[in-house]
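Take a look at the structure set out below.
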Amino acid sequence: GGEFVDDFCLPTEEEAAAEDDRAPDTAMLQQRVQEVLRILVNFRERRQEGVARCDYVDRLAKDLGKLHGYIPFLVHLFLDLFPPAEVIELMEANDKPRPMTIRVNTLKSRRKEVADALIARGVTLEPIDKWSKVGLVIFDSQVPIGATPEYLSGQYMLQSASSFLPCLALQPQEHEKVLDMCASPGGKTTYLAALMKNTGTLFSNDA
């Protein structure tokens, strides 16, 4: 961010209305978000005389909504749930594109075998992290990841790493009955099946 302004003041109603009539000034909004955050962290000492905390929070919500494309209700919901600094961090993280990840179907293959096959096809990849034994992150590829022979033969599935976590948390055992109530498009369901080693009964449901 830029330098902080010692005598920072919130915009007047007229200034705010004039801003709304113009295209958003991203640099200015980012600077003001940081100024408001700095004040909220030490409100008693840094606030503008006669301005309530809710006025700063409301300005922060409007600016964050413009910067990141969120409706006011959602921004206020986040600000009710988390400290402002965490809300800003969350929104900035959500703006970053997620890496493509795949999950190896351990009923048909092993991660090393799939990785070796994809590397031979010109794919740049690496294991997701220590917490997953089946995930791979795809950084670059010379071939369509969703159309390789390995994909078409069911050796792996395109699946976000975050959706691995419910399956790992559940820890399904062989021969159990499991109900997946949020099953579309099937990544978690098929991972559960693999963890259960193709035994038991798995009910897949989605609205």
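The chains in the structure tokens are called A, B, ... from first to last as shown; in each chain the residues are counted from 1, and the ligands are counted from 1 in the order shown.
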Could you pull out the alpha helix (DSSP H) residues of range 34-207 of chain A, going by DSSP on the backbone, and write them as a count of residues only? 79
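The neighbours of Arg59 in chain A here are the residues that come within 10 Å of it, using only C-alpha atoms and leaving out any residue fewer than 3 positions away in the same chain; they are Leu10, Pro11, Ala16, Arg32, Val33, Val36, Cys54, Asp55, Tyr56, Lys62, Asp63, Leu64 and Gly65 of chain A.
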Limited to all heavy atoms, could you put the picked residues into a file as an mmCIF file, in the first residue's frame?
```cif
data_model
loop_
_atom_site.group_PDB
_atom_site.id
_atom_site.type_symbol
_atom_site.label_atom_id
_atom_site.label_comp_id
_atom_site.auth_asym_id
_atom_site.auth_seq_id
_atom_site.Cartn_x
_atom_site.Cartn_y
_atom_site.Cartn_z
ATOM 1 N N LEU A 10 -13.117 10.593 6.139
ATOM 2 C CA LEU A 10 -14.053 9.902 5.261
ATOM 3 C C LEU A 10 -14.641 10.895 4.262
ATOM 4 O O LEU A 10 -14.772 12.085 4.565
ATOM 5 C CB LEU A 10 -15.186 9.276 6.075
ATOM 6 C CG LEU A 10 -14.826 8.072 6.957
ATOM 7 C CD1 LEU A 10 -16.057 7.633 7.750
ATOM 8 C CD2 LEU A 10 -14.308 6.910 6.123
ATOM 9 N N PRO A 11 -15.023 10.433 3.071
ATOM 10 C CA PRO A 11 -15.633 11.352 2.105
ATOM 11 C C PRO A 11 -16.981 11.858 2.602
ATOM 12 O O PRO A 11 -17.697 11.137 3.304
ATOM 13 C CB PRO A 11 -15.781 10.493 0.848
ATOM 14 C CG PRO A 11 -15.811 9.081 1.336
ATOM 15 C CD PRO A 11 -14.913 9.054 2.531
ATOM 16 N N ALA A 16 -18.949 11.238 -1.883
ATOM 17 C CA ALA A 16 -19.265 9.832 -2.118
ATOM 18 C C ALA A 16 -20.213 9.679 -3.313
ATOM 19 O O ALA A 16 -20.057 8.768 -4.132
ATOM 20 C CB ALA A 16 -19.901 9.222 -0.868
ATOM 21 N N ARG A 32 -7.767 3.835 0.544
ATOM 22 C CA ARG A 32 -8.751 4.177 1.577
ATOM 23 C C ARG A 32 -9.085 2.964 2.445
ATOM 24 O O ARG A 32 -9.288 3.098 3.655
ATOM 25 C CB ARG A 32 -10.016 4.757 0.936
ATOM 26 C CG ARG A 32 -10.959 5.360 1.983
ATOM 27 C CD ARG A 32 -11.940 6.303 1.360
ATOM 28 N NE ARG A 32 -12.843 5.628 0.436
ATOM 29 C CZ ARG A 32 -13.526 6.239 -0.540
ATOM 30 N NH1 ARG A 32 -13.377 7.548 -0.719
ATOM 31 N NH2 ARG A 32 -14.324 5.581 -1.332
ATOM 32 N N VAL A 33 -9.146 1.800 1.850
ATOM 33 C CA VAL A 33 -9.384 0.579 2.630
ATOM 34 C C VAL A 33 -8.296 0.425 3.693
ATOM 35 O O VAL A 33 -8.578 0.126 4.861
ATOM 36 C CB VAL A 33 -9.428 -0.664 1.703
ATOM 37 C CG1 VAL A 33 -9.224 -1.943 2.502
ATOM 38 C CG2 VAL A 33 -10.755 -0.721 0.956
ATOM 39 N N VAL A 36 -8.784 3.127 6.442
ATOM 40 C CA VAL A 36 -9.895 2.787 7.350
ATOM 41 C C VAL A 36 -9.498 1.638 8.266
ATOM 42 O O VAL A 36 -9.790 1.652 9.470
ATOM 43 C CB VAL A 36 -11.169 2.446 6.534
ATOM 44 C CG1 VAL A 36 -12.247 1.879 7.456
ATOM 45 C CG2 VAL A 36 -11.683 3.682 5.811
ATOM 46 N N CYS A 54 -19.261 2.677 13.222
ATOM 47 C CA CYS A 54 -20.127 2.092 12.189
ATOM 48 C C CYS A 54 -19.990 2.840 10.855
ATOM 49 O O CYS A 54 -20.173 2.239 9.784
ATOM 50 C CB CYS A 54 -21.578 2.054 12.643
ATOM 51 S SG CYS A 54 -22.312 3.673 12.966
ATOM 52 N N ASP A 55 -19.649 4.121 10.912
ATOM 53 C CA ASP A 55 -19.456 4.889 9.674
ATOM 54 C C ASP A 55 -18.219 4.398 8.923
ATOM 55 O O ASP A 55 -18.216 4.296 7.697
ATOM 56 C CB ASP A 55 -19.312 6.383 9.990
ATOM 57 C CG ASP A 55 -20.593 6.986 10.554
ATOM 58 O OD1 ASP A 55 -21.684 6.541 10.132
ATOM 59 O OD2 ASP A 55 -20.511 7.881 11.414
ATOM 60 N N TYR A 56 -17.175 4.101 9.688
ATOM 61 C CA TYR A 56 -15.962 3.566 9.063
ATOM 62 C C TYR A 56 -16.215 2.173 8.486
ATOM 63 O O TYR A 56 -15.772 1.857 7.385
ATOM 64 C CB TYR A 56 -14.812 3.502 10.081
ATOM 65 C CG TYR A 56 -14.197 4.836 10.388
ATOM 66 C CD1 TYR A 56 -14.497 5.513 11.562
ATOM 67 C CD2 TYR A 56 -13.295 5.430 9.502
ATOM 68 C CE1 TYR A 56 -13.926 6.750 11.857
ATOM 69 C CE2 TYR A 56 -12.717 6.665 9.792
ATOM 70 C CZ TYR A 56 -13.040 7.316 10.962
ATOM 71 O OH TYR A 56 -12.469 8.542 11.238
ATOM 72 N N LYS A 62 -18.491 -0.667 1.613
ATOM 73 C CA LYS A 62 -18.771 -0.159 0.267
ATOM 74 C C LYS A 62 -17.535 -0.244 -0.627
ATOM 75 O O LYS A 62 -17.622 -0.646 -1.794
ATOM 76 C CB LYS A 62 -19.271 1.287 0.346
ATOM 77 C CG LYS A 62 -20.680 1.415 0.912
ATOM 78 C CD LYS A 62 -21.086 2.870 1.067
ATOM 79 C CE LYS A 62 -22.493 2.979 1.647
ATOM 80 N NZ LYS A 62 -22.876 4.384 1.931
ATOM 81 N N ASP A 63 -16.395 0.139 -0.061
ATOM 82 C CA ASP A 63 -15.161 0.120 -0.856
ATOM 83 C C ASP A 63 -14.744 -1.303 -1.209
ATOM 84 O O ASP A 63 -14.315 -1.578 -2.330
ATOM 85 C CB ASP A 63 -14.038 0.839 -0.102
ATOM 86 C CG ASP A 63 -14.250 2.349 -0.048
ATOM 87 O OD1 ASP A 63 -15.134 2.855 -0.777
ATOM 88 O OD2 ASP A 63 -13.529 3.029 0.711
ATOM 89 N N LEU A 64 -14.876 -2.212 -0.252
ATOM 90 C CA LEU A 64 -14.526 -3.612 -0.521
ATOM 91 C C LEU A 64 -15.460 -4.217 -1.566
ATOM 92 O O LEU A 64 -15.034 -5.001 -2.418
ATOM 93 C CB LEU A 64 -14.569 -4.436 0.771
ATOM 94 C CG LEU A 64 -13.433 -4.196 1.763
ATOM 95 C CD1 LEU A 64 -13.675 -4.966 3.055
ATOM 96 C CD2 LEU A 64 -12.092 -4.600 1.162
ATOM 97 N N GLY A 65 -16.738 -3.831 -1.489
ATOM 98 C CA GLY A 65 -17.698 -4.318 -2.480
ATOM 99 C C GLY A 65 -17.331 -3.881 -3.884
ATOM 100 O O GLY A 65 -17.399 -4.661 -4.842
#
```
Can I get the residues of range 31-134 of chain A within 8 Å of range 138-143 of chain A, each with the closest pair of atoms and their distance in Å to one decimal, using only C-alpha atoms, sorted chain first then ascending number, as a Markdown table?
```
| residue | atom | partner | partner_atom | distance |
| --- | --- | --- | --- | --- |
| A:Pro99 | CA | A:Ile138 | CA | 6.8 |
| A:Met100 | CA | A:Ile138 | CA | 5.3 |
| A:Thr101 | CA | A:Ile138 | CA | 5.8 |
| A:Ile102 | CA | A:Ile138 | CA | 7.6 |
| A:Arg121 | CA | A:Val143 | CA | 7.0 |
| A:Gly122 | CA | A:Gln142 | CA | 5.3 |
| A:Val123 | CA | A:Ser141 | CA | 4.2 |
| A:Thr124 | CA | A:Asp140 | CA | 5.0 |
| A:Leu125 | CA | A:Ile138 | CA | 4.6 |
| A:Glu126 | CA | A:Ile138 | CA | 7.0 |
```
Could you give me, as a ChimeraX atom specification, the residues within 9 Å of Ala207 in chain A, counting only C-alpha atoms and dropping anything in the same chain fewer than 2 positions from it? /A:181-184,205
Among range 55-193 of chain A, which ones does DSSP assign to strand (DSSP E or B) (computed from the backbone)? Answer as a tab-separated table (two decimals) with C-alpha atoms, in the first residue's frame.
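Below is the file that was written, result_19.tsv:
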```
chain	number	residue	atom	x	y	z
A	100	MET	CA	-5.93	-26.88	-11.23
A	101	THR	CA	-5.82	-30.01	-9.10
A	102	ILE	CA	-6.56	-33.66	-9.80
A	103	ARG	CA	-7.22	-36.63	-7.54
A	104	VAL	CA	-5.79	-40.02	-8.45
A	123	VAL	CA	2.48	-31.74	-17.95
A	124	THR	CA	4.18	-29.74	-15.20
A	125	LEU	CA	2.90	-30.90	-11.82
A	126	GLU	CA	3.75	-31.74	-8.23
A	127	PRO	CA	2.01	-33.38	-5.25
A	135	GLY	CA	-3.68	-35.12	-5.12
A	136	LEU	CA	-1.59	-33.44	-7.80
A	137	VAL	CA	-1.34	-29.73	-8.68
A	138	ILE	CA	-1.19	-28.96	-12.40
A	139	PHE	CA	0.87	-25.87	-13.23
A	140	ASP	CA	1.10	-26.19	-17.00
A	141	SER	CA	0.09	-28.70	-19.64
A	156	TYR	CA	-7.81	-39.56	-12.07
A	157	MET	CA	-10.49	-36.91	-11.71
A	158	LEU	CA	-10.35	-33.14	-11.90
A	177	LYS	CA	-23.11	-47.12	4.69
A	178	VAL	CA	-22.42	-43.50	3.71
A	179	LEU	CA	-24.86	-40.80	2.60
A	180	ASP	CA	-23.36	-37.96	0.51
```
Determine, counting only C-alpha atoms, which protein, DNA and RNA residues have an atom within 10 Å of an atom of range 92-97 of chain A; residues of the same chain fewer than 6 positions away are not included. Present the result as a PyMOL selection string. chain A and resi 64+67-69+86
Can you write out the residues you just picked, keeping N, CA and C atoms, as a tab-separated table (two decimals), in the first residue's frame?
```tsv
chain	number	residue	atom	x	y	z
A	64	LEU	N	-14.88	-2.21	-0.25
A	64	LEU	CA	-14.53	-3.61	-0.52
A	64	LEU	C	-15.46	-4.22	-1.57
A	67	LEU	N	-14.27	-2.95	-4.91
A	67	LEU	CA	-12.97	-3.52	-5.28
A	67	LEU	C	-13.08	-4.97	-5.72
A	68	HIS	N	-13.91	-5.73	-5.02
A	68	HIS	CA	-13.91	-7.18	-5.22
A	68	HIS	C	-15.20	-7.73	-5.81
A	69	GLY	N	-16.17	-6.84	-6.08
A	69	GLY	CA	-17.38	-7.29	-6.75
A	69	GLY	C	-18.36	-8.05	-5.88
A	86	GLU	N	-9.00	-9.70	8.37
A	86	GLU	CA	-9.21	-11.05	7.85
A	86	GLU	C	-10.17	-11.04	6.67
```
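As for CA of Pro84 in chain A and CA of Thr12 in chain A, they are spaced 22.1 Å apart.
Taking CA of Asp25 in chain A and CA of Ala61 in chain A as the two end points, the separation is 15.7 Å.
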Please measure the separation of CA of Gln31 in chain A and CA of Leu81 in chain A, giving the value in Å to one decimal.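 That distance, rounded to one decimal, is 23.4 Å.
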